Each structure stands twice: as structure tokens, then as C-alpha cells.
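Quick notes on the structure that follows.
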Amino acid sequence: MRVVKNTFAAAAVAALLAPTAALAQEPVKIGTVMFLSGPAAAPFGVPAKQAFEFVVEQLNAGKAPAPYNKKGFGGSKIETAVLDEAGSTTTQVTEFRNLVQRDKVDLVIGYVSSGNCLAVAPVAEELKKLTNFFDCGTPRIFEDNDYKYVFRTSPTATMDSVGAALYVKDAKPGVKSIAGINQNYAWGQDSWGDFEASMKQLVPNLEVKTSQMPKLFAGQYNTEISTLLGANADVIHSSFFDGDLEALLLQAAPRGLFKKSMGVLTTGETVIYKLGAQIPDGTVIGARGPFGPYAPHNAYNTWFHNGYKAKFNSEPNYASYQMAQAILGVKLAWEKAMAANGGKRPTNEEVGAALAHLSYEGPGGLVRMTNGKGHQAIMDTAYGESKYANGKLEIVKIKRYPAEMVNPPEGVKSADWIKSGFKK
Amino acid sequence: MDQILPVIADGIIYSAWLFIAALGLTLIYGVMKIVNVTHGSFYALGAYAGASFTGAWLARGYPPVLSYVVLLVAAVLVTLVFAPIIERGILRFMYARDEVVILLITYALFLVLEDTIKLIWGVNPYFVAEPYALLGSFDIGGLPYPTYNLIMVGLALVAGGGLMWLLRGTRVGKLLTVVIHDPEVSRALGINVGRYYLATFTFGSMLAAIGGSFTAPTVSVVPGLGVDVIVLSFAVVVIGGLGSLPGAALGAVIVGLVRSVSVHYAPQLELFVIYLVMAMVLAFRPRGLFSLAEPRKI
Amino acid sequence: MSRDRTPLALGAIFVAIAAAGPFLPPWLLFILTLAIARGLVALGLMLLLRAGLVSFGQALYYCIGAYTAGALGIRLGVSDVLLQALAGAAVAALAAWILGFLLARYRGIFFGLLSLALSMILYGVIVKNEALGSTDGLNVLPSTLFGMKPHEGWLRYSVLVAASGAALIAALLVHRYLATPLGRLAPAIKDNEIRVEYMGASARQAIHVKYVIAATLAGMGGALAATTVGHIDPDMAYWTTSGEFIFVTILAGTGSVIAPFLGALIFGAIHTVAYDLSPNTWQMSLGAALLALILFLPDGVWSLFARRKAA
């Protein structure tokens with residue numbers, strides 16, 4: 001009922017502000033980019049695209065819970081332009097320029113790949129186009145550069161590795177040795193690097209048995225599994241995602257790898273809905289933040305989770321949550337900027353100023369834009385262990401870690417922060 | 001050194017997979033002189049067909065032991081649908097063109113097939129883990145290995161041996177050798193060259209599809225599955241000598257073992273070890289290990 | 001064929017780009033600049049193709065050029081478009097001169113695949129090297145020209161004109177080279193190498209020279225692409241990148257030094273239109289369009305112009 005009233009109120013306000021409202025009623029065009037083809041489509045691209053569709057539809061109908069219940073962006077209908085993130089960074093830079101200069105989008109929300117984020121960021125700055133990265137993980141974006149128009153409403157990958165290390169220390173006291181299997185590209189190398197460094201800080205005299213780095217999308221891991229079985233480490237860390245992770249789990253299951261050693265899968269959440277039966281109990285599952293099974297019980301999560309599930313008949317995964325909170329953050333900033341300039345349609349600069357240092361509540365809980373001069377979000381994180389029962393994988397022994405414990409303080413580089421022993 | 005047995009076992013398992021993936025490529029090149037990029041598409045088609053057919057089979061509660069037959073049938077069927085269309089519909093008009101132009105045509109076809117697969121099966125992954133886990137496992141050097149790997153090794157031996165017999169021991173094979181050496185003279189002799197090309201392309205693609213289909217139970221079948229297979233099987237075939245069956249076998253064993261050694265002892269090198277082997281072999285044997293002598297035309 | 005009209009045509013195209021540039025939308029300027037950078041690579045491939053050689057690893061030099069440009073900016077603070085292009089070309093030429101001793105012995109598919117292996121080794125080395133940014137790559141300094149930083153609105157235009165100028169000179173030189181005895185040897189090498197040897201020319205040497213020229217052009221193209229895109233990553237050395245260059249070359253045809261640039265432009269246009277119109281099935285659209293072009297224009301896009309000239 002309250003929603004309806006609010007819509008009425010909004011309509012009334014809009015009617016009163018008729019002259020400026022006419023301008024404000026111009027639709028807001030959001031360009032969005034995520035993987036629609038290739039191996040990253042199923043785990044990230046499609047769940048994110050579906051979340052995007054769901055949230056935009058809800059916002060346009062004014063059905064999201066307050067304070068997101070104003071129709072569209074400040075009363076303006078949202079229009080969308082969707083692009084595939086597959087292809088080289090050259091392609092992505094080209095298409096980003098086309099999106100901004102040819103399709104004239106008002107802002108861009110997108111990018112899963114860290115390489116694409118790094119390549120697009122300076123272009124967004126050159127074109128002065130507000131761009132919010134919803135998923136990519138590398139901390140380098142705001143650690144190596146300052147940007148005015150570029151934001152990231154999701155935490156960096158550092159949080160995932162530090163959180164995983166803290167959880168391992170808690171869940172497996174007396175851990176003596178670790179091993180890793182990560183994809184041989186920046187994400188895999190950084191994830192393992194941060195995890196290894198964090199573990200060494202937390203557990204003195206830790207032994208690193210082996211670090212396997214198979215080629216990305218290799219698909220065949222028998223040899224690596226043999227080595228890991230032979231290494232016999234207490235804990236095996238992997239930041240594999242989807243297709244590769246599934247292949248690893250399928251090939252490891254008959255050989256009992258993750259029964260012998262505790263598995264730590266930092267992006268494991270993307271596969272638990274599909275492959276629950278293949279994940280041995282007691283495997284540590286990460287969701288790159290308080291998303292999916294770790295999402296808090298708040299009105300936004302109820303709205304998002306249930307609505308998404310009803311619309312697409314599948315569970316939203318962490319990429320869906322990241323996308324949802326990316327849109328909501330920008331919407332809130334848009335409306336805040338609008339309120340600040342007397343209801344006129346805000347410029348990208350004004351929206352950016354409102355988004356910097358913003359704190360807001362989304363389906364994953366509190367998002368605080370405190371790092372990277374207010375452009376980089378930090379959040380709490382959570383890890384838990386898998387338990388398969390009655391045909392469904394559940395997450396048990398959940399531990400939460402406050403944002404300050406798993407993210408570096410503002411102005412400190414991730415790698416230095418871990419090396420300093422997580423100094424506040 | 002108790003690691004030595006697993007190193008060899010891992011190497012052979014990987015070699016078997018590589019060999020099955022590469023066999024059809026070398027056959028098609030040997031007969032038709034086509035560097036066939038759609039080979040990767042057929043690998044992916046086989047994987048998708050294998051995973052979805054077997055999934056449906058198991059979902060109906062039919063006996064899981066027969067799922068291996070379903071994998072095979074799925075690969076054969078999917079090839080029979082796509083390969084003749086491609087060969088008869090497009091490739092056969094191109095045989096007069098440059099090798100590289102035909103390569104590009106197969107690359108364009110590969111792009112089209114990538115999206116065709118996406119339109120048929122969507123982007124969500126398919127799994128059928130049952131055939132992989134069904135047979136249990138055995139121990140080598142103290143490490144458990146799934147028995148399914150023996151099926152792959154067996155399949156590689158049967159496919160390689162069978163093809164060898166087909167080419168050297170049968171009338172069809174001997175006629176095919178004639179076609180390989182001179183298609184124009186063959187035509188003059190009354191051999192239906194077009195039919196041999198169609199059969200070769202279909203059979204070679206079928207080998208790729210079977211490779212994909214029998215890999216499906218060990219992986220998650222996702223878009224882009226076939227891309228890496230292309231370059232890997234090229235590398236194997238080039239190391240062995242293009243168009244040579246024993247060469248492909250030796251190439252697969254070399255790459256498999258070298259990769260296994262590198263994963264066990266120097267995991268940092270895994271990323272480019274296959275290209276290093278390829279560059280080294282070509283540097284010393286410019287036409288691969290089992291190259292056929294080519295007449296110098298003056 | 002009384003007069004050679006190619007230099008005139010090249011000059012006219014350059015003037016046309018420079019004159020029309022200020023009136024074109026910026027996204028188009030960007031696509032044009034990229035087409036010029038890639039056209040340079042394809043121009044080199046065309047030289048090799050005329051001698052019957054197809055390199056599946058030209059991305060090696062494209063990537064070397066790009067990382068040279070990147071390193072100049074990051075290590076030495078040199079962000080001048082033309083200096084970077086020259087440096088990229090020089091480093092690529094040096095690398096090709098060394099590798100050429102090996103590669104000039106190879107023909108056919110083995111030439112192609114050995115060059116592919118070399119480019120993939122470079123890919124692997126960059127991926128393993130965190131100082132080079134691994135797969136995430138590195139950002140390149142914003143472009144400058146003659147020590148000046150162009151005004152924001154003119155940045156894309158300045159880079160385009162600089163790239164066009166560099167490409168103009170390169171294309172003219174290649175055109176001159178094609179008219180020299182060594183340049184004219186290419187079709188003969190393709191047809192029959194033994195006859196070439198009987199004539200007293202060294203096919204291997206001729207190929208070595210062509211290989212170095214092709215790499216120089218690829219290095220320059222890579223450096224221009226790096227400063228245009230503003231980002232470099234090891235994908236620039238990946239075999240799919242080489243594949244695109246070959247495609248552009250075949251698409252264009254070997255009839256003229258202008259063809260590769262036209263081919264690159266058409267390839268870029270098809271690519272971006274396919275992305276725009278069918279984000280879910282762009283690969284299919286791209287594949288179908290390329291297939292149609294090869295089927296209906298067997299001698300490349302350039303044959304359209306050549307035919308008209310003949311008429």
C-alpha cells in the first residue's frame with residue numbers, strides 16, 4: 001500500500017514541477033555490458049543480465065522497496081542497450097565508445113573482466129561518462145589511478161582472498177600446509193597471491209606444497225589433480241570459476257581430492273545450484289561478498305531474491321546480486337543529485353559527486369563507497385562450508401567478517417596491506 | 001621416486017584425449033588438404049549432443065551402463081546432421097581455392113556454428129557425471145584414477161588402429177590413397193572423388209564429435225568449448241607431420257608426456273610448453289616428425 | 001596502365017581523411033584510426049601472401065609494437081604517437097630480422113604454424129609476467145603529438161591524422177618496394193621457387209626481407225593501436241588476433257597497397273554492426289558476412305575497384 005501511495009506522491013510532485021519535469025521525463029538510457037557468449041556467459045553474464053532486466057523492470061514499474069520506489073531514475077523511464085563483453089579489449093574499447101558516442105547512453109553499468117575494466121576506465125574518463133563496474137575484481141583500478149567518472153559498487157578480489165584465509169584459520173585450526181590450483185591469468189594469479197600472502201601472515205611456518213596454474217579454460221585437470229593428491233596439503237585453494245570449476249569438481253570427485261584436503265573455492269557459489277552433489281561436505285564456498293546464500297535478511301534481498309526466482313525460475317548468484325546493487329547505487333545517486341539541483345535532470349558530474357562516498361543498503365546489505373577516494377565499495381563478507389542433504393546443497397558454519405577486517409583502509413594498496421599484517 | 005608412475009599415467013591419459021581430438025584433423029588434411037577449423041565446432045557439437053542425449057537417457061531411468069553407447073550414438077548422429085550440410089553445401093565449391101582461403105571459410109563457419117550451438121543448447125552448462133563415476137577407480141603409484149580414463153585410452157587405440165586398417169587394409173582405403181595423391185587422375189580413372197571427400201569430411205568430423213562426446217562426462221559443457229581444441233590438435237598434428245596417422249599418435253604422446261612432466265615438476269611452464277615443443281620440433285624437423293616427402297616440381 | 005595512379009590515390013585519401021575528420025563523429029574517428037593500425041599489419045601480410053606465405057603469428061609483432069609503445073610511455077614518459085610508432089616498428093623489425101633466419105626456411109602451413117607457436121610463446125611469457133600486467137594488461141599514456149597534448153575535442157582527430165600520415169608514408173614505401181626487382185620476385189616465389197633460384201636470385205633472402213618489412217609494419221600498427229585504444233594486453237599476441245589479420249588480408253585482396261586498409265575498415269565495420277544489431281548472435285552475423293564476402297568476391301574487395309578501372 002505504501003508503495004502505491006509513494007507513486008501517487010511522486011506523480012503529484014511531478015505534476016507540480018511540470019516544466020522541469022518535462023525534461024526530467026526524458027528517458028534515462030543505461031548501457032550495460034556483460035558476457036553473452038563464451039564460457040563466462042553462464043556463470044556471470046546471463047545471471048547479471050537477468051538481474052539487470054528484473055531490476056530495470058521493477059524500477060520502471062516503481063515496485064522496488066523504498067528508497068528505490070520512485071519510478072525509473074527520478075521519474076524518468078529507464079531504457080537499455082545491452083552489449084556482449086566477449087572479444088578483445090580493443091573490441092570492448094571500440095564498443096564502449098560506440099555505446100557512449102553513437103548510442104548516446106546516459107551512463108554505463110557493466111564489465112566482468114578485470115582486463116576490460118582496466119582498459120575501459122581511462123576511456124570513460126576521456127568521454128566523461130559515468131561508468132560503474134559491477135563485477136570485476138582487480139584492486140589495480142583505483143590503486144593505480146584516480147578517476148572522476150569511474151566507480152565500482154562491488155568490493156575488490158582482495159576481500160575474497162583475505163576472507164578465505166581468515167575462514168580457513170578459524171575452521172581448520174592447526175592448518176600446516178596449503179596448495180593451490182588457479183587459472184593462469186591475472187585473476188587466478190592475484191587470487192592465489194593474496195591468499196598465499198594472507199595465510200602466511202595468519203599461520204607462521206606455513207608450508208606451501210604446490211601452486212598449479214593450468215591454462216584458462218583448459219578443461220582437463222587429471223594431471224594437476226594427481227599432483228595435488230600427491231602433495232597432500234591440508235587445504236587446497238582455487239579461484240576457478242564456473243566451467244573450469246565444474247570440470248575440476250567432476251574430475252576430482254571420483255579421486256576424492258576434496259575429501260582428502262579441505263577445498264576452498266572462492267567463487268564456488270556460482271556452481272552450488274547446479275553441481276551440489278559433486279561438492280564434498282565441508283568444502284569452503286565463497287560468493288565474492290555477502291551475496292546469494294550469504295545475503296542478509298532484509299527487505300531488499302526478499303524483494304530481489306524472490307522476484308528474480310519467480311521471473312527466471314533459477315537462483316540469483318553473486319553476479320546477479322552485484323548487478324542489482326550496481327543499479328540501485330546509481331539510481332540512488334541520480335535521485336540524490338536531482339534533489340540537490342532542484343529536481344532538474346542531473347549531469348554525470350552531479351551523479352558522480354552523489355555516488356562518491358555514498359552508503360546504501362542493497363540486497364547484499366550495506367555498501368560503503370569509502371575506498372578509492374569514494375569510488376570503490378567495501379562490504380562485509382562471509383564464508384561457510386557446504387553440506388549436501390536431501391538433494392540440495394546448504395551452506396553451514398557461516399562466519400561473517402566486517403568490511404574493515406577484510407578490506408584495506410582507504411589509500412593503502414591491497415598487497416602492502418596484507419604484507420603489513422592487515423594493519424588498520 | 002614414487003611420482004614417476006603417476007607422471008606417466010597422467011601423460012598417457014592426456015595423450016589419449018589429444019589423439020582422439022586430433023585424429024580427424026589429420027585425416028581431413030591428409031585427404032583434402034583442408035586445415036579445418038570447424039573441427040573445434042564438431043568437438044563442441046559432440047560434447048553437447050553427448051551430454052544432452054545421455055542426460056535424457058539417464059533421466060528416464062534407462063540403464064546407466066548403456067550410457068557409453070548413447071555417447072557414441074549422439075556423436076554419430078550430430079555429425080550426420082551437420083557435416084554433410086557443410087561439405088556439400090559450402091566446402092565442395094571451394095576445393096579449387098587456396099589452402100588459406102579454405103581455412104578462412106572454415107573459420108567463418110566455425111563462428112556461425114558457435115552461435116548455432118548457442119541457439120540450440122543455450123549458454124547454461126550441461127553435465128553428465130554418471131558415466132565418469134560409474135566404473136569406479138583404480139590405483140597407480142598410490143593415487144586413485146577413474147576407470148573411465150581407460151575407456152579414453154581404449155577409444156584412442158581403437159580409433160587409431162581402426163583408421164590405419166581402413167586406409168591400408170581395405171579397398172576403400174587404397175582408393176582413398178589414390179585420391180590423396182592425385183584427385184584429377186582419380187577422377188579420370190572413374191573414382192567418384194566428391195563422394196570420397198564427403199565421406200572423409202564426415203568421418204573426420206565424427207572423430208572430433210566422438211572426442212567431444214566422450215570428454216563431456218568429465219567436464220561441464222559450456223560455450224567456447226571447442227576453441228582451445230583447435231589449436232591443441234593443430235599443434236599435435238604439426239609436431240607429428242600433417243596428414244600422418246603415426247605422426248599424430250607420436251605427437252600426442254610427446255605433448256602428453258611433456259605436459260605431464262611440466263605440471264608435476266615445473267607447473268609454471270604449463271602455459272606454453274606445448275608451443276615450445278612445437279617450435280623445437282619444427283626447428284629441427286621443419287615438416288614435423290613423420291613428414292611425407294614432397295616431389296619438387298620444376 | 002600508362003601511369004601509376006596509386007600514389008595519387010593514397011595522397012587523395014589522406015587529404016580526404018584530414019579534411020573530413022573534423023566533421024565526423026568521434027566514434028567513427030576511432031574506428032578509422034584502428035582500421036589504419038590494423039591495415040598496416042594486413043599490408044605486411046599482403047607482402048608475404050604475394051610470395052605464397054601466410055603467417056598465423058603476425059600478432060607477435062603487433063604485440064611487440066604495442067608493448068614497445070606502452071613501455072616508452074610508462075618507463076620513459078614518451079607518449080608521442082609518431083615516436084611510439086617508429087619505436088614499435090624498429091623493435092619489431094629487429095625481432096623479425098633475428099627470427100627471420102629461422103623462419104625464412106619454412107613454407108606453406110609450416111611457416112604459418114611456426115610463426116603461430118612463436119607468437120603463443122610471447123603470449124605465455126606476458127601472461128606469466130606480473131610486471132607486464134599479466135592478462136589484465138597495462139594502460140598506455142594518453143597520446144601526444146610533437147610534444148603537445150591535443151585539446152580534448154581534437155585528440156581523436158589528431159591521432160587519426162598522425163596515424164594516417166604514418167600509414168601514408170609506409171604504404172608509399174611498400175608501393176615503391178613492390179616495383180623493385182626484389183619486390184616483383186614475390187609471385188615468382190609463390191609459383192616456383194626453384195625457377196627463382198635458377199634465375200640467380202635467393203628466395204630465402206627475398207623472403208627474409210619481406211618478413212622483416214611485414215614485421216616492421218605490424219610493429220607500427222601495434223604501436224598505433226596501443227596509443228589509440230589506450231590499453232595493451234597479451235591477447236594482442238593470441239592466435240585469434242593473427243587470425244583476424246589474415247582475414248582482413250584475404251578479404252581485401254592483394255591487388256593494391258590501398259586494399260589492406262579498405263579490408264580493415266570493412267572488417268571493423270562488419271564487426272561493430274554485428275555487435276550492435278545482434279549482441280546475442282554477433283559471431284553468426286560476422287561469420288555469415290565474411291563467408292558471403294569470400295564466396296562472392298573471390299579476389300577480395302579490391303577486385304571491385306580493379307574491375308571498374310578496367311572497364
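Ordering of the C-alpha cells sets the chain letters (A, B, ...), residue numbers begin anew at 1 in every chain, and ligands are numbered from 1 in the order given.
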Residues within 12 Å of Lys309 (chain A), please, as a short mmCIF file (atom, residue, chain, number, x, y, z; two decimals) with N, CA and C atoms, in the first residue's frame. Count only C-alpha atoms; anything in the same chain fewer than 6 positions from it doesn't count.
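See around.cif below for the written result:
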```cif
data_model
loop_
_atom_site.label_atom_id
_atom_site.label_comp_id
_atom_site.auth_asym_id
_atom_site.auth_seq_id
_atom_site.Cartn_x
_atom_site.Cartn_y
_atom_site.Cartn_z
N PRO A 47 23.32 -14.46 -15.59
CA PRO A 47 22.71 -14.07 -14.32
C PRO A 47 22.70 -12.55 -14.11
N GLN A 50 20.04 -11.04 -16.44
CA GLN A 50 18.69 -11.28 -15.91
C GLN A 50 18.41 -10.36 -14.73
N ALA A 51 19.41 -10.19 -13.86
CA ALA A 51 19.23 -9.28 -12.73
C ALA A 51 18.97 -7.87 -13.25
N PHE A 54 15.44 -7.68 -14.53
CA PHE A 54 14.48 -7.71 -13.44
C PHE A 54 14.44 -6.36 -12.72
N GLY A 292 24.02 -14.15 -2.47
CA GLY A 292 23.46 -15.50 -2.57
C GLY A 292 23.13 -16.05 -1.20
N ASN A 301 16.67 -7.89 -0.12
CA ASN A 301 17.01 -9.26 -0.51
C ASN A 301 15.73 -10.06 -0.79
N THR A 302 14.74 -9.91 0.09
CA THR A 302 13.48 -10.62 -0.12
C THR A 302 12.89 -10.24 -1.48
N TRP A 303 12.84 -8.93 -1.72
CA TRP A 303 12.31 -8.44 -2.98
C TRP A 303 13.09 -8.98 -4.17
N GLU A 315 18.03 -19.59 -9.15
CA GLU A 315 18.54 -18.79 -8.04
C GLU A 315 19.43 -17.67 -8.58
N PRO A 316 19.27 -16.45 -8.06
CA PRO A 316 20.24 -15.42 -8.44
C PRO A 316 21.60 -15.74 -7.81
N ASN A 317 22.70 -15.65 -8.58
CA ASN A 317 24.00 -15.91 -7.96
C ASN A 317 24.70 -14.58 -7.65
N SER A 320 24.45 -11.76 -10.07
CA SER A 320 23.14 -11.12 -10.11
C SER A 320 23.04 -10.08 -8.99
#
```
Considering only C-alpha atoms, return as an mmCIF file with C-alpha atoms, in the first residue's frame whatever protein or nucleic-acid residues lie within 10 Å of Ile270 (chain C), sequence-local ones (same chain, fewer than 5 positions apart) excluded.
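Below is the file around-v2.cif, written as the result:
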```
data_model
loop_
_atom_site.group_PDB
_atom_site.id
_atom_site.type_symbol
_atom_site.label_atom_id
_atom_site.label_comp_id
_atom_site.auth_asym_id
_atom_site.auth_seq_id
_atom_site.Cartn_x
_atom_site.Cartn_y
_atom_site.Cartn_z
ATOM 1 C CA ALA C 264 40.485 -3.479 -42.242
ATOM 2 C CA LEU C 265 37.804 -0.819 -42.418
ATOM 3 C CA TYR C 275 27.807 -6.345 -32.216
ATOM 4 C CA ASP C 276 25.280 -3.584 -32.350
ATOM 5 C CA TRP C 282 27.173 -11.457 -33.408
ATOM 6 C CA SER C 285 26.379 -12.467 -38.281
ATOM 7 C CA LEU C 286 30.119 -11.871 -38.562
ATOM 8 C CA GLY C 287 30.763 -15.390 -39.836
ATOM 9 C CA ALA C 289 29.042 -11.811 -43.664
ATOM 10 C CA LEU C 290 32.632 -12.931 -44.048
#
```
Show me a table, sorted first by chain and then by increasing residue number, of the residues of region 67-174 of chain B having an atom at most 8 Å from region 1-11 of chain B, each with its shortest atom pair and the distance in Å to one decimal, counting only C-alpha atoms and written as a tab-separated table.
```
residue	atom	partner	partner_atom	distance
B:Ile140	CA	B:Pro6	CA	6.3
B:Gly141	CA	B:Leu5	CA	5.6
B:Leu143	CA	B:Pro6	CA	7.3
```
May I have the residues from that selection written out with C-alpha atoms, as a PDB file, in the first residue's frame?
```
ATOM      1  CA  ILE B 140      48.584 -46.164  -9.849  1.00  0.00           C
ATOM      2  CA  GLY B 141      51.545 -45.338  -7.678  1.00  0.00           C
ATOM      3  CA  LEU B 143      46.940 -42.369  -6.450  1.00  0.00           C
TER       4      LEU B 143
END
```
Would you pick out the contacts of region 154-167 of chain C at 7 Å or less, using only C-alpha atoms, so that residues sharing its chain but fewer than 3 positions from it are not included, and give the list as a list in words? Phe14, Ala18, Gly21, Pro22, Pro26, Leu29, Phe30, Thr33, Ile36, Leu40, Leu82, Pro150, His151, Ala170, Ala171 and Leu224 of chain C
For the residues selected in the previous step, produce a file with N, CA and C atoms as a compact mmCIF listing (two decimals), in the first residue's frame.
```
# COMPACT_ATOMS: atom_id res chain seq x y z
N PHE C 14 44.43 10.47 -47.98
CA PHE C 14 44.95 11.14 -46.80
C PHE C 14 44.32 12.53 -46.65
N ALA C 18 41.90 13.88 -43.65
CA ALA C 18 42.26 15.06 -42.87
C ALA C 18 41.19 16.14 -42.98
N GLY C 21 37.71 14.72 -41.34
CA GLY C 21 37.81 14.37 -39.92
C GLY C 21 37.02 15.24 -38.97
N PRO C 22 37.20 16.57 -39.04
CA PRO C 22 36.52 17.45 -38.06
C PRO C 22 35.00 17.34 -38.12
N PRO C 26 33.09 11.37 -33.27
CA PRO C 26 34.33 10.84 -32.69
C PRO C 26 34.43 9.31 -32.72
N LEU C 29 35.91 8.37 -35.92
CA LEU C 29 37.34 8.67 -35.99
C LEU C 29 38.13 7.53 -35.35
N PHE C 30 37.62 7.03 -34.23
CA PHE C 30 38.30 5.95 -33.52
C PHE C 30 38.36 4.70 -34.39
N THR C 33 40.86 5.12 -37.14
CA THR C 33 42.25 5.02 -36.68
C THR C 33 42.62 3.55 -36.47
N ILE C 36 43.25 1.85 -39.67
CA ILE C 36 44.56 2.18 -40.24
C ILE C 36 45.65 1.36 -39.56
N LEU C 40 47.83 -1.57 -41.51
CA LEU C 40 49.29 -1.66 -41.64
C LEU C 40 49.74 -3.10 -41.47
N LEU C 82 53.88 9.47 -32.97
CA LEU C 82 54.78 9.10 -34.06
C LEU C 82 56.07 8.47 -33.54
N PRO C 150 47.03 17.36 -27.45
CA PRO C 150 45.93 17.99 -28.17
C PRO C 150 44.76 18.29 -27.24
N HIS C 151 44.04 19.33 -27.56
CA HIS C 151 42.84 19.64 -26.80
C HIS C 151 41.87 18.47 -26.87
N ALA C 170 54.22 4.73 -45.08
CA ALA C 170 54.51 3.30 -45.13
C ALA C 170 53.97 2.70 -46.43
N ALA C 171 52.73 3.06 -46.77
CA ALA C 171 52.11 2.48 -47.96
C ALA C 171 52.87 2.90 -49.21
N LEU C 224 50.48 1.98 -32.95
CA LEU C 224 49.36 2.91 -33.19
C LEU C 224 48.09 2.42 -32.50
```
Determine, for each residue of region 84-193 of chain A having at least one atom at most 8 Å from an atom of region 256-280 of chain A, the closest pair of atoms and their separation in Å to one decimal, counting only C-alpha atoms; order by chain and ascending number, as a tab-separated table.
```
residue	atom	partner	partner_atom	distance
A:Asp160	CA	A:Thr266	CA	6.5
A:Ser161	CA	A:Thr266	CA	7.3
A:Ala164	CA	A:Thr266	CA	7.0
```
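If you measure from each of A:Ser198, A:Asn313, A:Gln322, A:Ser88 to Gly110 (chain A) using only C-alpha atoms, the closest one turns out to be A:Gln322.
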